[in-house]
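Asks: First the structure, which I've put down as structure tokens, then a few questions once you've had a look.
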Amino acid sequence: MPCTATAGRHDPLTSDEIDQLREVALDPESRLKLFADFARLRFTAIETVRLPKKPDAAKPGPAKPGAAKLAAGDPRSLHDLMEDFLAVYDELDENISMYEDRQADLRKAMKVVLLADNEFRARLEGLQHNLTPEERTDCDFVLSSIVEAVTTGTAEHKKLLGEQEASFKNKKKK
């Protein structure tokens, strides 16, 4: 599974998200779906911080994860959000490995994860094409790490789903 250097950083998950994950610790499908949803939220935050600042942006609205510390167009904030996405995506992969080691039935969960993978790949492509030169310079390494993680993850997730389908098909025949 992809490995990144995010040691020493804050936990990208909120306490509410951590509580949600604890509640479904024994349910791979629900837990992996939550991780995919949390990664989606982080990607949306990446896209949102890149939007031009509107004059009425000071109006309060629903808070996004980490939104309070963001400044529109701030490359460091963009970089931090990308690191948060990568950390959540890596957690998703680590959980898949954990459940795979326990020989859990991940067929339904992997279908959800693969849908998220495909979404992330499409959104990443759009992001890569729309970065400013400054954003590209400041975020090049973390963006490359995200692309590698999602590309590798997608391939591994497809492979695992195929293995799981074959394995459980053979168990039904016995």
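We label chains A, B, ... in the order they appear in the structure tokens, count residues from 1 in each chain, and number ligands from 1 in the order shown.
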May I have the residues within 9 Å of Thr154 in chain A as an MDAnalysis selection string, using only C-alpha atoms and disregarding those fewer than 3 positions away in the same chain?
Replies: chainID A and resid 113:114 117:118 121 149:151 157:159
Asks: So which residues of chain A fall under alpha helix (DSSP H) by DSSP, listed as a PyMOL selection string?
Replies: chain A and resi 15-23+28-49+75-101+107-130+133-173
Asks: When you count only C-alpha atoms, which of these residues is closest to Val112 in chain A: A:Lys33, A:Lys53, A:His10, A:Arg136?
Replies: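 Between A:Lys33, A:Lys53, A:His10, A:Arg136, the residue approaching Val112 in chain A most closely is A:Lys33.
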Asks: What is the distance between CA of Ile96 in chain A and CA of Ala109 in chain A, in Å to one decimal?
Replies: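 Spanning CA of Ile96 in chain A to CA of Ala109 in chain A is a straight-line distance of 9.1 Å.
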